[in-house]
Amino acid sequence: MRQFFKYVLATIVGLVAFSFLGFILLAAIIGAAKSAGERKETAANSVLELKLNEPLTERGRDGRFSLSSNTSTGLVGLKEAIRRAKGDDDIKGILLNLDIVQGGMASLEEVRDELLNFKKSGKFVVAYHEICSEKSFYLSSVADEIYLHPQGTLEFNGLSTEVMFYKRLFEKAGIEPYIFRVGSFKSAVEPFFRESFSDSARYQTVSFLNSINGHMIKQVAAARGIPAARLKVISDSMLVRNAPDALRLNMVTKLGYFDQVQDYMRRKLGVAKDKKPSVVSLNDYSDNKDIENEGKTSGNRIAVIYAEGDIVTGNGSDDNIGSTKFAEAIRKARLDDKVKAVVLRINSPGGSSLASDIIYREVLLTKKVKPIIASMSDVAASGGYYIAMACDTIVAHPNSITGSIGVFGVLPNIQPLLADKLGITVDRVTTGKFSDLPTITRSLTEFEKRTLQREVDNIYTDFTTKAAKGRKMPVERLRRLASGRVWSGLEAKNNGLVDVLGDYNDALRIAASRAKLKADDYRVQRLPRRKSGLENLLSMFGGDDDNAEVKAKAMKVELGPLYPVYQQYQQLMTMRGVQAKLPYELEIK
């Protein structure tokens with residue numbers, strides 16, 4: 001009897017707990033549904049504050065309705081908020097409250113251009129920094145006043161990128177990577193078998209970094225009224241070491257605390273000293289309204305297809321480019337009579353060559369029936385270039401990273417790891433001499449190596465032939481620009497790999513022009529469809545993607561600075577098929 005009551009009590013407790021959790025979930029769903037599409041009313045005489053303390057991605061990811069820590073600020077929404085603020089009588093200025101900005105150089109230039117456009121309204125832009133990174137300064141250089149904390153720092157010493165090499169790690173672990181590649185510049189696999197940059201990899205990296213850095217210096221020079229040659233000396237010699245240096249060299253206009261920035265805003269707003277200036281955050285100012293389409297009633301559409309992340313086979317996720325999902329999105333735009341043109345917005349280092357070719361085919365078919373324009377963001381390299389090269393026109397930023405026309409394959413042999421480190425042996429039974437190929441539990445024969453290399457060679461030939469056809473240049477010339485070499489957008493334009501230097505807005509204008517549409521005669525349709533906040537909330541309870549992100553967050557905490565090593569190991573072990581991917585995991589600092 002005691003056992004019976006024990007089980008009854010446990011059941012009652014369980015039901016109560018379940019009911020409580022259900023109530024919490026229901027309240028969250030109601031709150032999410034209520035908040036969708038809403039934003040707080042903006043008080044008159046306000047300032048829009050931009051902190052940008054999350055990574056900057058094309059469409060952003062809202063963390064309010066997800067267990068994932070993978071939240072980001074959407075470039076689309078950010079630009080729309082700045083554009084709305086320009087014409088909003090309640091917004092009198094923008095406060096750039098920036099420290100470390102996380103974003104690619106091309107994305108930052110789009111934000112910077114939007115800020116310059118905002119200033120044409122006559123409204124003010126003020127910047128405040130306690131720690132000012134190079135990318136933060138690139139944005140704030142457009143401000144009317146730049147405040148730096150008296151004990152703050154400003155980084156202005158040029159751009160850099162660093163790469164981890166795993167040859168010794170693999171040797172210690174007992175992993176033997178077989179490398180198959182084409183092109184002297186196709187250095188994506190170098191971390192697996194080298195301990196440092198090859199000469200060709202260093203050469204191309206120096207070239208495109210200097211191109212991007214030179215463009216940035218010219219932009220800052222124009223904004224701050226400092227000769228570009230002088231800025232180059234300041235950067236190369238690292239003359240800015242502290243806040244007084246920054247003021248002396250005219251990099252900032254004032255050294256001050258945040259309360260002094262508030263005093264400046266009070267003066268600009270005409271607010272009394274004892275009153276707090278009204279400041280609205282980006283989250284409170286942003287909403288789900290589509291500013292690009294506001295007031296437009298036309299049935300004509302331009303489809304903007306956002307391709308961001310690694311290119312993979314299948315449906316993929318919101319964080320990568322699944323060949324099935326993106327092929328369907330392009331096909332949908334092609335078959336929709338209301339869609340008069342397509343803009344393919346690309347921010348991708350590439351990935352699977354098979355997946356890239358599937359998407360390329362849909363681009364090619366679309367080109368035959370309606371204009372399709374490629375808009376390159378921070379990165380559109382290797383597979384990212386592959387899916388762009390069939391477009392009518394390719395638009396790239398001077399700061400875009402592109403090219404890397406080449407392919408590679410990696411097949412790890414973990415037999416030494418299993419046998420020598422773990423004491424595991426493997427035996428096999430096959431019906432033919434090569435029945436177990438590809439395999440990761442034995443060494444490859446010379447014949448098998450030659451066979452796999454021929455496959456990579458054939459795919460490279462196909463890639464470069466299609467690229468030459470798309471660029472309307474002899475294949476021999478294209479291959480001299482290929483070999484896996486990475487170019488900045490400016491270099492790519494000079495070499496004929498892209499057509500126009502510009503941003504997303506330029507690509508949209510070109511698409512409208514090709515479709516013979518006026519600015520007010522079309523609406524923008526964004527594809528593929530993203531999950532709503534409510535859907536993300538529901539997917540927390542059983543969604544594989546969110547579970548994977550929670551696991552990744554836990555691994556980051558557990559491994560700390562060693563997490564990138566784990567990521568590279570995971571990437572090596574999960575690569576399938578020939579890859580068309582950017583060299584290394586490039587991060588410009």
# chains A, B, ... in the order shown; residues from 1 in each chain; ligands from 1

call {"tool": "residues_around", "arguments": {"residues": "range 455-457 of chain A", "least_positions_apart": "5", "cutoff": "8 Å", "atoms": "only C-alpha atoms", "output": "mmCIF file with N, CA and C atoms, in the first residue's frame"}}
result
data_model
loop_
_atom_site.group_PDB
_atom_site.id
_atom_site.type_symbol
_atom_site.label_atom_id
_atom_site.label_comp_id
_atom_site.auth_asym_id
_atom_site.auth_seq_id
_atom_site.Cartn_x
_atom_site.Cartn_y
_atom_site.Cartn_z
ATOM 1 N N PHE A 180 43.551 15.911 -52.161
ATOM 2 C CA PHE A 180 43.404 15.948 -53.616
ATOM 3 C C PHE A 180 42.931 17.352 -53.983
ATOM 4 N N ARG A 181 43.704 18.065 -54.786
ATOM 5 C CA ARG A 181 43.345 19.447 -55.096
ATOM 6 C C ARG A 181 43.868 19.823 -56.467
ATOM 7 N N VAL A 182 43.363 20.952 -56.974
ATOM 8 C CA VAL A 182 43.829 21.518 -58.234
ATOM 9 C C VAL A 182 44.097 22.996 -58.010
ATOM 10 N N VAL A 407 39.007 23.461 -56.618
ATOM 11 C CA VAL A 407 38.328 22.416 -55.849
ATOM 12 C C VAL A 407 39.353 21.563 -55.127
ATOM 13 N N PHE A 408 38.867 20.851 -54.114
ATOM 14 C CA PHE A 408 39.745 19.934 -53.394
ATOM 15 C C PHE A 408 38.917 18.817 -52.773
ATOM 16 N N GLY A 409 39.591 17.781 -52.386
ATOM 17 C CA GLY A 409 38.960 16.683 -51.659
ATOM 18 C C GLY A 409 39.889 16.233 -50.542
ATOM 19 N N VAL A 578 33.788 16.187 -53.294
ATOM 20 C CA VAL A 578 34.744 17.232 -53.655
ATOM 21 C C VAL A 578 34.205 18.578 -53.186
#

call {"tool": "residues_around", "arguments": {"residues": "Ser141 in chain A", "least_positions_apart": "6", "cutoff": "7 Å", "atoms": "only C-alpha atoms", "output": "list of chain:residue names"}}
result
A:Val220, A:Ala223, A:Arg224

call {"tool": "select_by_dssp", "arguments": {"residues": "range 50-169 of chain A", "states": "helix (DSSP H, G or I)", "output": "number ranges by chain"}}
result
A: 75-87, 105-119, 134-140, 167-169

call {"tool": "residues_around", "arguments": {"residues": "range 302-305 of chain A", "least_positions_apart": "3", "cutoff": "10 Å", "atoms": "only C-alpha atoms", "output": "ChimeraX atom specification"}}
result
/A:308,326,329-330,332-334,336,338-346,371-375,504,508,511-512,515,517,522-529

call {"tool": "closest_residue", "arguments": {"among": "A:Phe185, A:Trp487, A:Phe156, A:Phe447", "to": "Tyr138 in chain A", "atoms": "only C-alpha atoms"}}
result
A:Phe156

call {"tool": "residues_around", "arguments": {"residues": "range 42-48 of chain A", "least_positions_apart": "4", "cutoff": "9 Å", "atoms": "only C-alpha atoms", "output": "PyMOL selection string"}}
result
chain A and resi 82+85+89-96+265+269-271+277-282+284-285

call {"tool": "write_last_selection", "arguments": {"atoms": "C-alpha atoms", "output": "PDB file, in the first residue's frame"}}
result
ATOM      1  CA  ILE A  82      18.663  53.669 -40.398  1.00  0.00           C
ATOM      2  CA  ALA A  85      15.180  57.010 -39.045  1.00  0.00           C
ATOM      3  CA  ASP A  89      10.543  63.287 -37.615  1.00  0.00           C
ATOM      4  CA  ASP A  90      10.799  61.807 -34.108  1.00  0.00           C
ATOM      5  CA  ILE A  91      14.432  60.737 -34.662  1.00  0.00           C
ATOM      6  CA  LYS A  92      16.880  63.653 -34.602  1.00  0.00           C
ATOM      7  CA  GLY A  93      20.171  61.764 -34.672  1.00  0.00           C
ATOM      8  CA  ILE A  94      22.040  58.479 -34.287  1.00  0.00           C
ATOM      9  CA  LEU A  95      24.344  57.441 -31.440  1.00  0.00           C
ATOM     10  CA  LEU A  96      27.023  54.900 -32.407  1.00  0.00           C
ATOM     11  CA  MET A 265      22.920  65.110 -27.404  1.00  0.00           C
ATOM     12  CA  LEU A 269      18.029  68.056 -29.100  1.00  0.00           C
ATOM     13  CA  GLY A 270      17.473  71.312 -27.229  1.00  0.00           C
ATOM     14  CA  VAL A 271      16.843  69.429 -23.964  1.00  0.00           C
ATOM     15  CA  PRO A 277      17.819  62.668 -23.593  1.00  0.00           C
ATOM     16  CA  SER A 278      15.386  60.202 -25.144  1.00  0.00           C
ATOM     17  CA  VAL A 279      17.383  57.291 -26.603  1.00  0.00           C
ATOM     18  CA  VAL A 280      15.734  54.360 -28.404  1.00  0.00           C
ATOM     19  CA  SER A 281      17.545  51.058 -28.978  1.00  0.00           C
ATOM     20  CA  LEU A 282      17.733  49.261 -32.315  1.00  0.00           C
ATOM     21  CA  ASP A 284      12.860  48.774 -29.805  1.00  0.00           C
ATOM     22  CA  TYR A 285      12.972  50.761 -33.035  1.00  0.00           C
TER      23      TYR A 285
END
